[in-house]
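Undergrad: Just passing along the structure, written as structure tokens.
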There are 2 protein chains.
Amino acid sequence: MSLEEIIGSLAAVLTTTSFLPQAVHVLRTRDTQAISLTMYTLFTVGITLWGVYGLMTNQPSIIAANGITVVLAGLILCLKIRDVLAAKRKAGA
Amino acid sequence: MSLEEIIGSLAAVLTTTSFLPQAVHVLRTRDTQAISLTMYTLFTVGITLWGVYGLMTNQPSIIAANGITVVLAGLILCLKIRDVLAAKRKAGA
């Protein structure tokens, strides 16, 4: 394995796994106030497209990394949407 | 431009720009409570390594995309660290 491959792999592992502590944080505290809805919408769509790109170009590492991230980012997005809808219902009540 | 290249480029634009609304959100509200320190530490180091990988393999698009993201993610990380330190000082006072 070349130095480039080692650095690229380490980068992929770090950026993929980084969403796990954020998902755990949001699940544990149930607080999504400081989370940006726009960020997680754009990011989840973007990561899904990366997965599609990996499927189309047949690159298993891209499919795997983005498959994991889309689950974690999608979970954070769902919890944020739930809170936004609950706040709207409260404001309307 | 092939369909794969269009999807890959769109994915890169979305995942890169997604951190802009999160940075704006945190700057505007000054609220980092729901932001995970571990996530932004791992992510910022990971994105920096992606930039190094881009430099070593001479891929301008990887350097550009990760250069933008490291500034935005680094800014969010700095604001989170500031709040964590402030909370520690408060707890110790």
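Residues are referred to by chain and number: the chain letter is A, B, ... according to the order shown in the structure tokens, the number counts from 1 in that chain, and ligands are numbered separately from 1 in the order shown.
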Could I have chain A as an mmCIF file with N, CA and C atoms, in the first residue's frame after it is superimposed on chain B by least squares, pairing all C-alpha atoms in sequence order?

TA:
data_model
loop_
_atom_site.group_PDB
_atom_site.id
_atom_site.type_symbol
_atom_site.label_atom_id
_atom_site.label_comp_id
_atom_site.auth_asym_id
_atom_site.auth_seq_id
_atom_site.Cartn_x
_atom_site.Cartn_y
_atom_site.Cartn_z
ATOM 1 N N MET A 1 -19.586 15.273 -21.218
ATOM 2 C CA MET A 1 -19.598 14.792 -19.826
ATOM 3 C C MET A 1 -20.558 13.597 -19.718
ATOM 4 N N SER A 2 -20.074 12.478 -19.175
ATOM 5 C CA SER A 2 -20.924 11.292 -19.037
ATOM 6 C C SER A 2 -21.904 11.462 -17.872
ATOM 7 N N LEU A 3 -22.907 10.597 -17.800
ATOM 8 C CA LEU A 3 -23.890 10.653 -16.719
ATOM 9 C C LEU A 3 -23.192 10.426 -15.360
ATOM 10 N N GLU A 4 -22.212 9.513 -15.332
ATOM 11 C CA GLU A 4 -21.445 9.250 -14.105
ATOM 12 C C GLU A 4 -20.754 10.532 -13.623
ATOM 13 N N GLU A 5 -20.133 11.252 -14.579
ATOM 14 C CA GLU A 5 -19.413 12.484 -14.215
ATOM 15 C C GLU A 5 -20.369 13.559 -13.710
ATOM 16 N N ILE A 6 -21.553 13.634 -14.336
ATOM 17 C CA ILE A 6 -22.545 14.635 -13.909
ATOM 18 C C ILE A 6 -23.006 14.317 -12.478
ATOM 19 N N ILE A 7 -23.320 13.038 -12.204
ATOM 20 C CA ILE A 7 -23.782 12.632 -10.865
ATOM 21 C C ILE A 7 -22.669 12.827 -9.832
ATOM 22 N N GLY A 8 -21.431 12.467 -10.181
ATOM 23 C CA GLY A 8 -20.287 12.643 -9.277
ATOM 24 C C GLY A 8 -20.049 14.115 -8.957
ATOM 25 N N SER A 9 -20.150 14.972 -9.983
ATOM 26 C CA SER A 9 -19.925 16.409 -9.781
ATOM 27 C C SER A 9 -21.017 17.013 -8.913
ATOM 28 N N LEU A 10 -22.271 16.605 -9.173
ATOM 29 C CA LEU A 10 -23.406 17.104 -8.395
ATOM 30 C C LEU A 10 -23.261 16.666 -6.934
ATOM 31 N N ALA A 11 -22.841 15.411 -6.730
ATOM 32 C CA ALA A 11 -22.611 14.885 -5.375
ATOM 33 C C ALA A 11 -21.540 15.709 -4.669
ATOM 34 N N ALA A 12 -20.445 16.018 -5.368
ATOM 35 C CA ALA A 12 -19.333 16.786 -4.782
ATOM 36 C C ALA A 12 -19.786 18.193 -4.395
ATOM 37 N N VAL A 13 -20.560 18.835 -5.291
ATOM 38 C CA VAL A 13 -21.049 20.198 -5.020
ATOM 39 C C VAL A 13 -21.968 20.188 -3.796
ATOM 40 N N LEU A 14 -22.890 19.208 -3.720
ATOM 41 C CA LEU A 14 -23.841 19.141 -2.605
ATOM 42 C C LEU A 14 -23.153 18.877 -1.271
ATOM 43 N N THR A 15 -22.244 17.876 -1.225
ATOM 44 C CA THR A 15 -21.605 17.544 0.063
ATOM 45 C C THR A 15 -20.645 18.661 0.507
ATOM 46 N N THR A 16 -20.045 19.368 -0.471
ATOM 47 C CA THR A 16 -19.130 20.469 -0.121
ATOM 48 C C THR A 16 -19.898 21.675 0.391
ATOM 49 N N THR A 17 -20.949 22.089 -0.357
ATOM 50 C CA THR A 17 -21.675 23.307 0.012
ATOM 51 C C THR A 17 -22.582 23.104 1.225
ATOM 52 N N SER A 18 -22.904 21.835 1.579
ATOM 53 C CA SER A 18 -23.823 21.588 2.690
ATOM 54 C C SER A 18 -23.316 22.170 4.017
ATOM 55 N N PHE A 19 -21.987 22.286 4.162
ATOM 56 C CA PHE A 19 -21.454 22.800 5.429
ATOM 57 C C PHE A 19 -21.611 24.316 5.563
ATOM 58 N N LEU A 20 -21.924 25.003 4.436
ATOM 59 C CA LEU A 20 -22.112 26.458 4.493
ATOM 60 C C LEU A 20 -23.337 26.825 5.345
ATOM 61 N N PRO A 21 -24.554 26.247 5.076
ATOM 62 C CA PRO A 21 -25.699 26.601 5.945
ATOM 63 C C PRO A 21 -25.475 26.240 7.416
ATOM 64 N N GLN A 22 -24.715 25.149 7.696
ATOM 65 C CA GLN A 22 -24.444 24.797 9.103
ATOM 66 C C GLN A 22 -23.535 25.851 9.751
ATOM 67 N N ALA A 23 -22.521 26.309 9.011
ATOM 68 C CA ALA A 23 -21.616 27.340 9.538
ATOM 69 C C ALA A 23 -22.384 28.639 9.781
ATOM 70 N N VAL A 24 -23.256 29.019 8.823
ATOM 71 C CA VAL A 24 -24.073 30.239 8.953
ATOM 72 C C VAL A 24 -25.004 30.110 10.161
ATOM 73 N N HIS A 25 -25.627 28.930 10.312
ATOM 74 C CA HIS A 25 -26.553 28.658 11.419
ATOM 75 C C HIS A 25 -25.855 28.868 12.766
ATOM 76 N N VAL A 26 -24.659 28.297 12.905
ATOM 77 C CA VAL A 26 -23.905 28.383 14.163
ATOM 78 C C VAL A 26 -23.421 29.818 14.406
ATOM 79 N N LEU A 27 -22.988 30.508 13.335
ATOM 80 C CA LEU A 27 -22.524 31.893 13.480
ATOM 81 C C LEU A 27 -23.675 32.807 13.881
ATOM 82 N N ARG A 28 -24.866 32.560 13.305
ATOM 83 C CA ARG A 28 -26.022 33.429 13.545
ATOM 84 C C ARG A 28 -26.603 33.215 14.934
ATOM 85 N N THR A 29 -26.768 31.931 15.310
ATOM 86 C CA THR A 29 -27.422 31.630 16.581
ATOM 87 C C THR A 29 -26.434 31.562 17.742
ATOM 88 N N ARG A 30 -25.130 31.372 17.425
ATOM 89 C CA ARG A 30 -24.082 31.192 18.444
ATOM 90 C C ARG A 30 -24.403 29.992 19.345
ATOM 91 N N ASP A 31 -25.201 29.055 18.820
ATOM 92 C CA ASP A 31 -25.601 27.863 19.581
ATOM 93 C C ASP A 31 -24.902 26.643 18.984
ATOM 94 N N THR A 32 -24.081 25.963 19.806
ATOM 95 C CA THR A 32 -23.391 24.756 19.332
ATOM 96 C C THR A 32 -23.743 23.558 20.213
ATOM 97 N N GLN A 33 -24.789 23.703 21.036
ATOM 98 C CA GLN A 33 -25.152 22.667 22.010
ATOM 99 C C GLN A 33 -25.316 21.286 21.361
ATOM 100 N N ALA A 34 -26.067 21.228 20.259
ATOM 101 C CA ALA A 34 -26.372 19.919 19.636
ATOM 102 C C ALA A 34 -25.282 19.443 18.672
ATOM 103 N N ILE A 35 -24.221 20.265 18.529
ATOM 104 C CA ILE A 35 -23.110 19.909 17.629
ATOM 105 C C ILE A 35 -22.162 18.970 18.385
ATOM 106 N N SER A 36 -21.766 17.866 17.745
ATOM 107 C CA SER A 36 -20.858 16.916 18.389
ATOM 108 C C SER A 36 -19.402 17.322 18.178
ATOM 109 N N LEU A 37 -18.686 17.538 19.303
ATOM 110 C CA LEU A 37 -17.254 17.896 19.246
ATOM 111 C C LEU A 37 -16.462 16.781 18.579
ATOM 112 N N THR A 38 -16.788 15.522 18.925
ATOM 113 C CA THR A 38 -16.075 14.369 18.352
ATOM 114 C C THR A 38 -16.279 14.319 16.835
ATOM 115 N N MET A 39 -17.528 14.541 16.390
ATOM 116 C CA MET A 39 -17.778 14.512 14.947
ATOM 117 C C MET A 39 -16.907 15.524 14.222
ATOM 118 N N TYR A 40 -16.921 16.788 14.683
ATOM 119 C CA TYR A 40 -16.205 17.832 13.949
ATOM 120 C C TYR A 40 -14.686 17.694 14.058
ATOM 121 N N THR A 41 -14.212 17.077 15.155
ATOM 122 C CA THR A 41 -12.770 16.811 15.265
ATOM 123 C C THR A 41 -12.366 15.762 14.224
ATOM 124 N N LEU A 42 -13.077 14.607 14.227
ATOM 125 C CA LEU A 42 -12.774 13.528 13.271
ATOM 126 C C LEU A 42 -12.940 14.025 11.837
ATOM 127 N N PHE A 43 -14.035 14.759 11.590
ATOM 128 C CA PHE A 43 -14.345 15.203 10.233
ATOM 129 C C PHE A 43 -13.295 16.194 9.716
ATOM 130 N N THR A 44 -12.899 17.154 10.557
ATOM 131 C CA THR A 44 -11.925 18.161 10.120
ATOM 132 C C THR A 44 -10.565 17.517 9.833
ATOM 133 N N VAL A 45 -10.144 16.562 10.689
ATOM 134 C CA VAL A 45 -8.885 15.837 10.438
ATOM 135 C C VAL A 45 -9.019 15.032 9.140
ATOM 136 N N GLY A 46 -10.157 14.342 8.972
ATOM 137 C CA GLY A 46 -10.398 13.528 7.772
ATOM 138 C C GLY A 46 -10.365 14.351 6.495
ATOM 139 N N ILE A 47 -11.029 15.514 6.524
ATOM 140 C CA ILE A 47 -11.091 16.388 5.341
ATOM 141 C C ILE A 47 -9.700 16.959 5.030
ATOM 142 N N THR A 48 -8.922 17.260 6.093
ATOM 143 C CA THR A 48 -7.547 17.736 5.888
ATOM 144 C C THR A 48 -6.728 16.655 5.179
ATOM 145 N N LEU A 49 -6.901 15.385 5.624
ATOM 146 C CA LEU A 49 -6.184 14.269 4.988
ATOM 147 C C LEU A 49 -6.628 14.078 3.535
ATOM 148 N N TRP A 50 -7.944 14.301 3.244
ATOM 149 C CA TRP A 50 -8.413 14.244 1.850
ATOM 150 C C TRP A 50 -7.689 15.300 1.009
ATOM 151 N N GLY A 51 -7.491 16.496 1.588
ATOM 152 C CA GLY A 51 -6.772 17.574 0.893
ATOM 153 C C GLY A 51 -5.325 17.182 0.625
ATOM 154 N N VAL A 52 -4.677 16.550 1.638
ATOM 155 C CA VAL A 52 -3.288 16.077 1.496
ATOM 156 C C VAL A 52 -3.228 15.011 0.390
ATOM 157 N N TYR A 53 -4.220 14.103 0.399
ATOM 158 C CA TYR A 53 -4.317 13.048 -0.626
ATOM 159 C C TYR A 53 -4.442 13.685 -2.016
ATOM 160 N N GLY A 54 -5.274 14.723 -2.121
ATOM 161 C CA GLY A 54 -5.446 15.435 -3.396
ATOM 162 C C GLY A 54 -4.154 16.085 -3.856
ATOM 163 N N LEU A 55 -3.402 16.675 -2.908
ATOM 164 C CA LEU A 55 -2.111 17.310 -3.228
ATOM 165 C C LEU A 55 -1.101 16.262 -3.702
ATOM 166 N N MET A 56 -1.035 15.128 -2.959
ATOM 167 C CA MET A 56 -0.062 14.073 -3.285
ATOM 168 C C MET A 56 -0.352 13.400 -4.628
ATOM 169 N N THR A 57 -1.654 13.286 -4.966
ATOM 170 C CA THR A 57 -2.027 12.609 -6.213
ATOM 171 C C THR A 57 -2.347 13.629 -7.316
ATOM 172 N N ASN A 58 -2.129 14.924 -6.993
ATOM 173 C CA ASN A 58 -2.306 16.012 -7.960
ATOM 174 C C ASN A 58 -3.692 16.022 -8.606
ATOM 175 N N GLN A 59 -4.729 16.083 -7.759
ATOM 176 C CA GLN A 59 -6.106 16.131 -8.257
ATOM 177 C C GLN A 59 -6.755 17.440 -7.794
ATOM 178 N N PRO A 60 -6.729 18.479 -8.660
ATOM 179 C CA PRO A 60 -7.220 19.807 -8.267
ATOM 180 C C PRO A 60 -8.643 19.822 -7.726
ATOM 181 N N SER A 61 -9.549 18.975 -8.270
ATOM 182 C CA SER A 61 -10.948 19.001 -7.799
ATOM 183 C C SER A 61 -11.048 18.530 -6.351
ATOM 184 N N ILE A 62 -10.230 17.520 -5.979
ATOM 185 C CA ILE A 62 -10.225 17.030 -4.588
ATOM 186 C C ILE A 62 -9.639 18.104 -3.667
ATOM 187 N N ILE A 63 -8.572 18.774 -4.117
ATOM 188 C CA ILE A 63 -7.950 19.844 -3.314
ATOM 189 C C ILE A 63 -8.956 20.972 -3.092
ATOM 190 N N ALA A 64 -9.650 21.399 -4.161
ATOM 191 C CA ALA A 64 -10.590 22.522 -4.074
ATOM 192 C C ALA A 64 -11.773 22.184 -3.165
ATOM 193 N N ALA A 65 -12.425 21.030 -3.410
ATOM 194 C CA ALA A 65 -13.613 20.657 -2.633
ATOM 195 C C ALA A 65 -13.275 20.547 -1.149
ATOM 196 N N ASN A 66 -12.154 19.890 -0.825
ATOM 197 C CA ASN A 66 -11.807 19.694 0.579
ATOM 198 C C ASN A 66 -11.225 20.948 1.210
ATOM 199 N N GLY A 67 -10.635 21.806 0.386
ATOM 200 C CA GLY A 67 -10.132 23.094 0.879
ATOM 201 C C GLY A 67 -11.284 23.957 1.389
ATOM 202 N N ILE A 68 -12.391 23.976 0.619
ATOM 203 C CA ILE A 68 -13.577 24.755 1.022
ATOM 204 C C ILE A 68 -14.187 24.142 2.291
ATOM 205 N N THR A 69 -14.345 22.802 2.290
ATOM 206 C CA THR A 69 -14.999 22.132 3.421
ATOM 207 C C THR A 69 -14.196 22.278 4.705
ATOM 208 N N VAL A 70 -12.850 22.224 4.599
ATOM 209 C CA VAL A 70 -12.037 22.295 5.820
ATOM 210 C C VAL A 70 -12.189 23.668 6.489
ATOM 211 N N VAL A 71 -12.369 24.721 5.702
ATOM 212 C CA VAL A 71 -12.561 26.060 6.266
ATOM 213 C C VAL A 71 -13.895 26.109 7.019
ATOM 214 N N LEU A 72 -14.968 25.590 6.386
ATOM 215 C CA LEU A 72 -16.307 25.628 6.990
ATOM 216 C C LEU A 72 -16.400 24.722 8.224
ATOM 217 N N ALA A 73 -15.915 23.467 8.083
ATOM 218 C CA ALA A 73 -15.969 22.524 9.215
ATOM 219 C C ALA A 73 -15.037 22.998 10.338
ATOM 220 N N GLY A 74 -13.890 23.565 9.966
ATOM 221 C CA GLY A 74 -12.931 24.071 10.963
ATOM 222 C C GLY A 74 -13.519 25.231 11.761
ATOM 223 N N LEU A 75 -14.297 26.081 11.080
ATOM 224 C CA LEU A 75 -14.949 27.219 11.742
ATOM 225 C C LEU A 75 -15.973 26.716 12.771
ATOM 226 N N ILE A 76 -16.794 25.731 12.366
ATOM 227 C CA ILE A 76 -17.790 25.148 13.277
ATOM 228 C C ILE A 76 -17.078 24.504 14.473
ATOM 229 N N LEU A 77 -15.980 23.787 14.199
ATOM 230 C CA LEU A 77 -15.189 23.136 15.262
ATOM 231 C C LEU A 77 -14.636 24.169 16.251
ATOM 232 N N CYS A 78 -14.103 25.292 15.728
ATOM 233 C CA CYS A 78 -13.548 26.343 16.600
ATOM 234 C C CYS A 78 -14.615 26.919 17.524
ATOM 235 N N LEU A 79 -15.814 27.176 16.966
ATOM 236 C CA LEU A 79 -16.903 27.741 17.777
ATOM 237 C C LEU A 79 -17.353 26.741 18.843
ATOM 238 N N LYS A 80 -17.368 25.442 18.497
ATOM 239 C CA LYS A 80 -17.746 24.401 19.456
ATOM 240 C C LYS A 80 -16.702 24.310 20.582
ATOM 241 N N ILE A 81 -15.411 24.335 20.212
ATOM 242 C CA ILE A 81 -14.339 24.265 21.217
ATOM 243 C C ILE A 81 -14.424 25.464 22.171
ATOM 244 N N ARG A 82 -14.696 26.655 21.602
ATOM 245 C CA ARG A 82 -14.840 27.871 22.417
ATOM 246 C C ARG A 82 -15.954 27.693 23.454
ATOM 247 N N ASP A 83 -17.093 27.119 23.015
ATOM 248 C CA ASP A 83 -18.220 26.905 23.922
ATOM 249 C C ASP A 83 -17.915 25.847 24.987
ATOM 250 N N VAL A 84 -17.200 24.778 24.587
ATOM 251 C CA VAL A 84 -16.833 23.714 25.542
ATOM 252 C C VAL A 84 -15.902 24.292 26.610
ATOM 253 N N LEU A 85 -14.927 25.111 26.178
ATOM 254 C CA LEU A 85 -13.981 25.720 27.124
ATOM 255 C C LEU A 85 -14.699 26.702 28.053
ATOM 256 N N ALA A 86 -15.632 27.476 27.494
ATOM 257 C CA ALA A 86 -16.387 28.442 28.306
ATOM 258 C C ALA A 86 -17.236 27.712 29.348
ATOM 259 N N ALA A 87 -17.837 26.586 28.968
ATOM 260 C CA ALA A 87 -18.660 25.793 29.893
ATOM 261 C C ALA A 87 -17.800 25.206 31.010
ATOM 262 N N LYS A 88 -16.566 24.783 30.645
ATOM 263 C CA LYS A 88 -15.644 24.228 31.654
ATOM 264 C C LYS A 88 -15.209 25.289 32.651
ATOM 265 N N ARG A 89 -14.930 26.497 32.121
ATOM 266 C CA ARG A 89 -14.527 27.604 32.989
ATOM 267 C C ARG A 89 -15.659 27.935 33.959
ATOM 268 N N LYS A 90 -16.888 27.949 33.433
ATOM 269 C CA LYS A 90 -18.074 28.258 34.227
ATOM 270 C C LYS A 90 -18.261 27.204 35.331
ATOM 271 N N ALA A 91 -18.075 25.923 34.957
ATOM 272 C CA ALA A 91 -18.241 24.819 35.913
ATOM 273 C C ALA A 91 -17.181 24.865 36.996
ATOM 274 N N GLY A 92 -15.991 25.363 36.619
ATOM 275 C CA GLY A 92 -14.869 25.412 37.557
ATOM 276 C C GLY A 92 -14.907 26.634 38.446
ATOM 277 N N ALA A 93 -15.642 27.667 38.016
ATOM 278 C CA ALA A 93 -15.653 28.944 38.752
ATOM 279 C C ALA A 93 -16.456 28.843 40.047
#
